[in-house]
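Trainee: Next up is a structure, given as structure tokens.
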Amino acid sequence: MPGWPKSYFRTQDLMRIRVGCELSFDLPQITPMIATLNVHFSRVPELERPDYLTTNPSVPIEGYRDSFGNWCNRLVAPSGHFSLGTDAIIRDSGMPDPVNLNALQHQVENLPAETILFLLGSRYCETDVCPTRRNGSLETAHLVGRGCRLSATSCTIT
């Protein structure tokens, strides 16, 4: 980051970041759930303690990995008040992930079949617009750009 002292980004200095969540529900009936709330398996060695999913009231939880390597927890929540969550501390350098702003964007028809899975639309949000902040309010802007710049545009809210 321009203007920040180099010592701020020393990789030998690890930050301890508390990660986790608590979600509470008032459910009118028993509700099957799949919760994907754990730290990605690639970062598990940096956890100071496991980020187990806990529930209140306690229910049986079945864990599995999805096709992206995410840890998923399958459970059936009872009717009434129900909460679930995780709590952990992870060690991190604080360094941003490396970015190649010159990465190329290939035509979809030229991509290997195994990459198409990563291009599927989201069932949670519009896929042809990008939320952005301007003058303190959330707006939407159509995606423009190529390669890594397009990806960065679709993931950044300022």
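How things are named: the first chain in the structure tokens is A, the next is B, and so on; residues count from 1 in each chain; ligands count from 1 in the order shown.
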Any idea what's packed within 12 Å of Glu114 (chain A), counting only C-alpha atoms, ignoring anything in its chain fewer than 6 positions away? Could you give it as a ChimeraX atom specification?
Mentor: /A:67,108,120
Trainee: Need the shell around Gly85 (chain A): protein/DNA/RNA residues with any atom at most 12 Å away, counting only C-alpha atoms. Skip same-chain ones fewer than 6 positions apart. Format as a list in words?
Mentor: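 Once the nearby chain positions are removed, what remains is Val19, Gly20, Cys21, Glu22, Leu23, Ser24, Phe25, Ala35, Thr36, Leu37, Asn38, Asp51, Tyr52, Leu53, Thr54, Thr55, Asn56, Pro57, Ser58 and Asn73 of chain A.
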Trainee: Of the candidates A:Leu117, A:Leu27, A:Val44, A:Leu104, which shows the shortest atom-to-atom distance to Phe68 (chain A), using only C-alpha atoms?
Mentor: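 With only C-alpha atoms as the atom set, the closest residue is A:Leu117.
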Trainee: Under the rule that only C-alpha atoms are counted, which of A:Ile116, A:Leu14, A:Ile90, A:Ile34 is the nearest residue to Gly63 (chain A)?
Mentor: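 Closest candidate: A:Ile34.
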Trainee: Would you mind writing down, as a PyMOL selection string, each residue of region 31-119 of chain A that DSSP on the backbone assigns to strand (DSSP E or B)?
Mentor: chain A and resi 31-35+47+54-56+62-65+71-77+80-92
Trainee: Let me make sure I understand: among A:Val59, A:Glu48, A:Val99, A:Ile17, which one has the smallest atom-to-atom distance to Pro78 (chain A) if we use only C-alpha atoms?
Mentor: A:Val59
Trainee: So how many Å separate CA of Arg43 (chain A) and CA of Asp92 (chain A), to one decimal?
Mentor: 9.4 Å
Trainee: In Å, with one decimal, what is the gap from CA of Ile61 (chain A) to CA of Val76 (chain A)?
Mentor: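 Here the two named atoms are 8.1 Å from each other.
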Trainee: Which is closer to Ser42 (chain A) than all the others in A:Ile30, A:Ala77, A:Arg65, A:Asn70, using only C-alpha atoms?
Mentor: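 Of all the options, A:Asn70 lies closest to Ser42 (chain A).
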Trainee: Which residue is closest to Leu47 (chain A)? Choose from A:Met33, A:Trp71, A:Ala88, A:Asp66 and count only C-alpha atoms.
Mentor: A:Ala88
